[in-house]
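Pasting input-v2.pdb here (PDB, C-alpha atoms, pLDDT in the B column):
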ATOM      1  CA  MET A   1     100.692 107.972 108.110  1.00 79.00           C
ATOM      2  CA  ILE A   2      97.749 105.689 108.564  1.00 87.00           C
ATOM      3  CA  GLN A   3      98.578 102.448 110.332  1.00 88.00           C
ATOM      4  CA  VAL A   4      96.326  99.578 111.381  1.00 89.00           C
ATOM      5  CA  HIS A   5      97.092  97.038 114.084  1.00 89.00           C
ATOM      6  CA  LEU A   6      95.560  93.715 113.018  1.00 88.00           C
ATOM      7  CA  GLN A   7      94.580  92.818 116.605  1.00 86.00           C
ATOM      8  CA  HIS A   8      92.186  95.810 116.623  1.00 89.00           C
ATOM      9  CA  ILE A   9      90.099  94.501 113.707  1.00 89.00           C
ATOM     10  CA  PRO A  10      87.110  92.517 115.061  1.00 88.00           C
ATOM     11  CA  GLU A  11      86.786  88.975 113.688  1.00 84.00           C
ATOM     12  CA  ASN A  12      84.447  88.802 110.669  1.00 85.00           C
ATOM     13  CA  GLU A  13      83.871  92.576 110.891  1.00 89.00           C
ATOM     14  CA  SER A  14      85.571  95.754 109.808  1.00 90.00           C
ATOM     15  CA  LEU A  15      87.245  98.505 111.792  1.00 92.00           C
ATOM     16  CA  HIS A  16      86.160 102.119 111.242  1.00 94.00           C
ATOM     17  CA  LEU A  17      89.100 104.541 111.103  1.00 93.00           C
ATOM     18  CA  CYS A  18      88.298 108.230 110.928  1.00 94.00           C
ATOM     19  CA  GLY A  19      90.595 111.149 111.548  1.00 93.00           C
ATOM     20  CA  GLU A  20      93.363 113.320 110.212  1.00 94.00           C
ATOM     21  CA  THR A  21      97.095 112.927 109.860  1.00 92.00           C
ATOM     22  CA  ASP A  22     100.087 115.012 108.866  1.00 91.00           C
ATOM     23  CA  SER A  23     100.139 115.094 105.065  1.00 91.00           C
ATOM     24  CA  SER A  24     103.899 115.502 104.585  1.00 89.00           C
ATOM     25  CA  PHE A  25     104.190 111.783 103.722  1.00 90.00           C
ATOM     26  CA  LEU A  26     102.281 112.432 100.466  1.00 90.00           C
ATOM     27  CA  ASP A  27     105.426 114.002  98.936  1.00 89.00           C
ATOM     28  CA  LEU A  28     103.666 115.925  96.150  1.00 89.00           C
ATOM     29  CA  ALA A  29     106.706 117.994  95.095  1.00 87.00           C
ATOM     30  CA  GLU A  30     107.308 115.822  92.021  1.00 85.00           C
ATOM     31  CA  ALA A  31     103.728 116.578  90.916  1.00 86.00           C
ATOM     32  CA  GLU A  32     104.384 120.311  91.488  1.00 90.00           C
ATOM     33  CA  ALA A  33     101.847 120.505  94.295  1.00 93.00           C
ATOM     34  CA  GLU A  34     102.110 121.202  97.999  1.00 94.00           C
ATOM     35  CA  THR A  35      99.803 120.001 100.746  1.00 93.00           C
ATOM     36  CA  VAL A  36      97.864 122.510 102.835  1.00 94.00           C
ATOM     37  CA  GLY A  37      96.845 121.179 106.224  1.00 94.00           C
ATOM     38  CA  PRO A  38      96.227 117.591 107.254  1.00 95.00           C
ATOM     39  CA  LEU A  39      94.910 114.651 105.251  1.00 95.00           C
ATOM     40  CA  PHE A  40      91.408 113.656 106.352  1.00 96.00           C
ATOM     41  CA  TYR A  41      90.365 110.015 106.091  1.00 95.00           C
ATOM     42  CA  ASP A  42      87.287 107.927 106.791  1.00 96.00           C
ATOM     43  CA  LEU A  43      88.000 104.232 106.166  1.00 95.00           C
ATOM     44  CA  GLN A  44      86.549 100.802 106.786  1.00 95.00           C
ATOM     45  CA  VAL A  45      89.362  98.266 107.250  1.00 94.00           C
ATOM     46  CA  GLY A  46      88.868  94.526 107.395  1.00 92.00           C
ATOM     47  CA  LEU A  47      90.418  91.106 106.847  1.00 91.00           C
ATOM     48  CA  SER A  48      89.554  88.761 104.008  1.00 86.00           C
ATOM     49  CA  GLY A  49      91.342  85.441 103.778  1.00 82.00           C
ATOM     50  CA  SER A  50      95.055  86.195 104.016  1.00 83.00           C
ATOM     51  CA  GLY A  51      94.654  89.851 103.052  1.00 89.00           C
ATOM     52  CA  LEU A  52      93.668  93.249 104.377  1.00 91.00           C
ATOM     53  CA  PHE A  53      91.239  95.577 102.616  1.00 93.00           C
ATOM     54  CA  ALA A  54      90.340  99.220 103.133  1.00 94.00           C
ATOM     55  CA  THR A  55      87.629 101.331 101.520  1.00 95.00           C
ATOM     56  CA  GLY A  56      86.415 104.842 102.185  1.00 96.00           C
ATOM     57  CA  SER A  57      87.147 108.474 101.576  1.00 96.00           C
ATOM     58  CA  LEU A  58      90.171 110.774 101.555  1.00 96.00           C
ATOM     59  CA  SER A  59      90.331 114.554 101.492  1.00 96.00           C
ATOM     60  CA  GLN A  60      93.372 116.794 101.046  1.00 95.00           C
ATOM     61  CA  LYS A  61      93.780 120.484 100.206  1.00 95.00           C
ATOM     62  CA  VAL A  62      96.741 121.306  97.938  1.00 95.00           C
ATOM     63  CA  THR A  63      98.353 124.363  96.399  1.00 95.00           C
ATOM     64  CA  MET A  64      99.109 124.113  92.682  1.00 94.00           C
ATOM     65  CA  THR A  65     100.188 126.473  89.914  1.00 95.00           C
ATOM     66  CA  CYS A  66      97.736 127.283  87.139  1.00 93.00           C
ATOM     67  CA  VAL A  67      99.055 126.228  83.713  1.00 92.00           C
ATOM     68  CA  ALA A  68      97.357 129.243  82.073  1.00 91.00           C
ATOM     69  CA  CYS A  69      98.138 132.242  84.314  1.00 92.00           C
ATOM     70  CA  LEU A  70     100.998 130.660  86.329  1.00 94.00           C
ATOM     71  CA  GLU A  71      99.456 131.854  89.601  1.00 93.00           C
ATOM     72  CA  PRO A  72      99.244 129.576  92.657  1.00 94.00           C
ATOM     73  CA  PHE A  73      95.796 128.442  93.778  1.00 93.00           C
ATOM     74  CA  GLU A  74      94.275 126.020  96.276  1.00 93.00           C
ATOM     75  CA  HIS A  75      92.441 122.896  95.165  1.00 93.00           C
ATOM     76  CA  GLN A  76      90.517 120.402  97.293  1.00 93.00           C
ATOM     77  CA  ILE A  77      91.076 116.734  96.426  1.00 93.00           C
ATOM     78  CA  ASN A  78      88.214 114.506  97.547  1.00 94.00           C
ATOM     79  CA  THR A  79      87.491 110.873  96.866  1.00 93.00           C
ATOM     80  CA  THR A  80      84.831 108.603  98.262  1.00 94.00           C
ATOM     81  CA  THR A  81      86.066 105.627  96.256  1.00 94.00           C
ATOM     82  CA  PHE A  82      89.368 104.826  97.929  1.00 95.00           C
ATOM     83  CA  ALA A  83      89.883 101.060  97.835  1.00 95.00           C
ATOM     84  CA  MET A  84      92.889  98.813  98.398  1.00 94.00           C
ATOM     85  CA  GLN A  85      93.679  95.160  99.020  1.00 92.00           C
ATOM     86  CA  ARG A  86      96.983  93.813 100.293  1.00 90.00           C
ATOM     87  CA  ASP A  87      98.253  90.350 101.150  1.00 89.00           C
ATOM     88  CA  LEU A  88      99.470  90.104 104.719  1.00 86.00           C
ATOM     89  CA  VAL A  89     103.094  89.080 105.228  1.00 81.00           C
ATOM     90  CA  GLY A  90     103.278  88.436 108.942  1.00 77.00           C
ATOM     91  CA  SER A  91     103.445  91.922 110.406  1.00 77.00           C
ATOM     92  CA  GLU A  92     100.783  92.824 112.965  1.00 86.00           C
ATOM     93  CA  LEU A  93     101.056  96.524 112.111  1.00 89.00           C
ATOM     94  CA  VAL A  94     100.015  97.427 108.554  1.00 89.00           C
ATOM     95  CA  ASP A  95     100.919 100.818 107.065  1.00 89.00           C
ATOM     96  CA  LEU A  96      98.499 102.156 104.423  1.00 92.00           C
ATOM     97  CA  THR A  97     100.814 105.038 103.473  1.00 90.00           C
ATOM     98  CA  GLU A  98     101.788 103.838  99.984  1.00 91.00           C
ATOM     99  CA  GLU A  99      98.218 103.137  98.894  1.00 94.00           C
ATOM    100  CA  VAL A 100      96.948 106.495 100.202  1.00 93.00           C
ATOM    101  CA  ARG A 101      99.868 108.378  98.580  1.00 92.00           C
ATOM    102  CA  GLU A 102      99.229 106.646  95.256  1.00 94.00           C
ATOM    103  CA  ASP A 103      95.522 107.469  95.306  1.00 94.00           C
ATOM    104  CA  ILE A 104      96.133 111.162  96.058  1.00 94.00           C
ATOM    105  CA  HIS A 105      98.772 111.372  93.299  1.00 93.00           C
ATOM    106  CA  LEU A 106      96.337 109.834  90.808  1.00 94.00           C
ATOM    107  CA  LEU A 107      93.679 112.394  91.752  1.00 93.00           C
ATOM    108  CA  LEU A 108      95.924 115.389  91.036  1.00 93.00           C
ATOM    109  CA  PRO A 109      94.969 117.121  87.780  1.00 92.00           C
ATOM    110  CA  MET A 110      97.580 116.776  85.027  1.00 91.00           C
ATOM    111  CA  HIS A 111      97.000 120.337  83.784  1.00 92.00           C
ATOM    112  CA  PRO A 112      95.761 122.302  86.805  1.00 93.00           C
ATOM    113  CA  ARG A 113      93.830 125.493  86.123  1.00 92.00           C
ATOM    114  CA  CYS A 114      92.749 127.996  88.749  1.00 91.00           C
ATOM    115  CA  ASP A 115      89.252 128.099  87.208  1.00 89.00           C
ATOM    116  CA  MET A 116      88.665 124.320  87.178  1.00 85.00           C
ATOM    117  CA  GLY A 117      86.410 124.481  90.229  1.00 77.00           C
ATOM    118  CA  GLY A 118      84.132 127.005  88.537  1.00 77.00           C
ATOM    119  CA  ASN A 119      84.462 129.493  91.400  1.00 79.00           C
ATOM    120  CA  LYS A 120      87.012 131.732  89.694  1.00 82.00           C
ATOM    121  CA  LYS A 121      87.739 133.063  86.231  1.00 87.00           C
ATOM    122  CA  CYS A 122      91.343 132.595  85.147  1.00 88.00           C
ATOM    123  CA  PRO A 123      92.944 135.994  84.400  1.00 87.00           C
ATOM    124  CA  ALA A 124      94.932 134.559  81.482  1.00 83.00           C
ATOM    125  CA  GLN A 125      93.563 135.767  78.150  1.00 75.00           C
ATOM    126  CA  PHE A 126      94.668 134.162  74.917  1.00 72.00           C
ATOM    127  CA  PRO A 127      94.127 135.673  71.454  1.00 68.00           C
ATOM    128  CA  LYS A 128      91.590 133.901  69.294  1.00 65.00           C
ATOM    129  CA  SER A 129      92.979 132.176  66.258  1.00 59.00           C
ATOM    130  CA  ASP A 130      92.158 133.498  62.761  1.00 52.00           C
ATOM    131  CA  LEU A 131      92.148 129.938  61.527  1.00 55.00           C
ATOM    132  CA  GLY A 132      88.624 128.663  61.087  1.00 51.00           C
ATOM    133  CA  PHE A 133      87.705 125.029  61.061  1.00 50.00           C
ATOM    134  CA  ARG A 134      85.791 123.900  58.040  1.00 50.00           C
ATOM    135  CA  LYS A 135      82.775 121.737  58.744  1.00 51.00           C
ATOM    136  CA  VAL A 136      82.637 118.632  56.644  1.00 47.00           C
ATOM    137  CA  SER A 137      79.247 117.030  56.568  1.00 48.00           C
ATOM    138  CA  GLU A 138      78.576 113.413  55.792  1.00 49.00           C
ATOM    139  CA  HIS A 139      77.249 114.394  52.350  1.00 50.00           C
ATOM    140  CA  CYS A 140      80.230 116.508  51.237  1.00 52.00           C
ATOM    141  CA  SER A 141      82.997 115.086  49.200  1.00 54.00           C
ATOM    142  CA  VAL A 142      86.469 116.228  50.048  1.00 52.00           C
ATOM    143  CA  GLU A 143      88.436 117.351  47.021  1.00 55.00           C
ATOM    144  CA  PRO A 144      92.166 116.755  47.002  1.00 53.00           C
ATOM    145  CA  HIS A 145      94.216 119.914  47.450  1.00 53.00           C
ATOM    146  CA  SER A 146      96.826 120.918  44.975  1.00 52.00           C
ATOM    147  CA  GLU A 147     100.413 120.643  46.133  1.00 52.00           C
ATOM    148  CA  GLU A 148     100.767 124.425  46.146  1.00 50.00           C
ATOM    149  CA  LYS A 149      97.761 124.950  48.439  1.00 52.00           C
ATOM    150  CA  SER A 150      98.737 122.201  50.850  1.00 57.00           C
ATOM    151  CA  SER A 151     102.363 123.240  51.071  1.00 66.00           C
ATOM    152  CA  ILE A 152     103.310 124.468  54.515  1.00 70.00           C
ATOM    153  CA  TRP A 153     105.557 127.003  52.772  1.00 72.00           C
ATOM    154  CA  ALA A 154     102.724 128.537  50.702  1.00 72.00           C
ATOM    155  CA  VAL A 155     102.134 131.287  53.260  1.00 69.00           C
ATOM    156  CA  LEU A 156     105.813 132.256  53.272  1.00 74.00           C
ATOM    157  CA  ASP A 157     106.001 132.062  49.472  1.00 72.00           C
ATOM    158  CA  HIS A 158     103.098 134.504  49.315  1.00 69.00           C
ATOM    159  CA  LEU A 159     105.024 136.995  51.455  1.00 72.00           C
ATOM    160  CA  THR A 160     108.054 137.040  49.125  1.00 64.00           C
ATOM    161  CA  LYS A 161     105.913 137.778  46.016  1.00 59.00           C
ATOM    162  CA  HIS A 162     104.789 141.169  47.355  1.00 55.00           C
TER     163      HIS A 162
END

Structure encoded using structure tokens:
Amino acid sequence: MIQVHLQHIPENESLHLCGETDSSFLDLAEAEAETVGPLFYDLQVGLSGSGLFATGSLSQKVTMTCVACLEPFEHQINTTTFAMQRDLVGSELVDLTEEVREDIHLLLPMHPRCDMGGNKKCPAQFPKSDLGFRKVSEHCSVEPHSEEKSSIWAVLDHLTKH
């Protein structure tokens, strides 16, 4: 957890927070990921009007499962654009946990692949499709297909005729 005591923020300035914290609060199980090691943070925290702002960077290593080969792999999540603003409601101790958790969750890939970093080739091999895609240029006219050709059953009908 990353907490800020308002009394530690200099008036009309920002407070530099840099360090690491236990990453268990990120609760990435729902996203099918697991943290590896601590969360690293480097933040500037300040007051503006009746609110608190924080900007900076976050870094967290996670283990995920590749959607292609189904093997676990490690992935480093880094952001230098963390930013949040919150209205203050009277407490002198402000917890940034929810905002940090949300940012890390949003940075997780929706379809993680072990080769997405470019350092590894995924062992999963998929057969190439026999279906070709027809190029249609701007100058070609598209002719309507007959009902027989466009029928999704035409391939099966062909099999029963032989």

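Evaluating the PyMOL selection byres ((chain A and resi 91-100) around 9) against the shown model yields Met1, Ile2, Gln3, Val4, His5, Leu6, Gln7, Phe25, Leu26, Leu52, Ala54, Leu58, Phe82, Ala83, Met84, Leu88, Val89, Gly90, Arg101, Glu102, Asp103, Ile104 and His105 of chain A.
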
Would you write out, as a PDB file with C-alpha atoms, in the frame of the given file, every residue that the PyMOL selection byres ((chain A and resi 72) around 10) captures in this file?
ATOM      1  CA  ALA A  33     101.847 120.505  94.295  1.00 93.00           C
ATOM      2  CA  THR A  63      98.353 124.363  96.399  1.00 95.00           C
ATOM      3  CA  MET A  64      99.109 124.113  92.682  1.00 94.00           C
ATOM      4  CA  THR A  65     100.188 126.473  89.914  1.00 95.00           C
ATOM      5  CA  CYS A  66      97.736 127.283  87.139  1.00 93.00           C
ATOM      6  CA  VAL A  67      99.055 126.228  83.713  1.00 92.00           C
ATOM      7  CA  CYS A  69      98.138 132.242  84.314  1.00 92.00           C
ATOM      8  CA  LEU A  70     100.998 130.660  86.329  1.00 94.00           C
ATOM      9  CA  GLU A  71      99.456 131.854  89.601  1.00 93.00           C
ATOM     10  CA  PHE A  73      95.796 128.442  93.778  1.00 93.00           C
ATOM     11  CA  GLU A  74      94.275 126.020  96.276  1.00 93.00           C
ATOM     12  CA  HIS A  75      92.441 122.896  95.165  1.00 93.00           C
ATOM     13  CA  PRO A 112      95.761 122.302  86.805  1.00 93.00           C
ATOM     14  CA  ARG A 113      93.830 125.493  86.123  1.00 92.00           C
ATOM     15  CA  CYS A 114      92.749 127.996  88.749  1.00 91.00           C
TER      16      CYS A 114
END

Discussion item. For the PyMOL selection byres ((chain A and resi 41) around 7), applied here, can you spell out every residue it catches as a ChimeraX atom specification?
Written reply: /A:18-20,39-40,42-43,57-59

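CA of Gln125 in chain A is found 29.7 Å from CA of Gln60 in chain A.
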
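Compared by their closest atoms to Gln76 in chain A, and using only C-alpha atoms, the residues A:Ser14, A:Thr35, A:Gln44, A:Thr21 rank with A:Thr35 nearest.
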
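In this comparison, which uses only C-alpha atoms, the residue of A:Ala68, A:Val62, A:Ile9, A:Ile77 approaching Val45 in chain A most closely is A:Ile9.
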
Correct to one decimal, the distance CA of Gly51 in chain A-CA of Asp87 in chain A is 4.1 Å

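Between CA of Ser48 in chain A and CA of Asn12 in chain A the separation is 8.4 Å.
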
For Gly37 in chain A: contacts at 8 Å, all atoms listed in the file, fewer than 4 positions along chain excluded, given as a ChimeraX atom specification:
/A:22-23,60-61
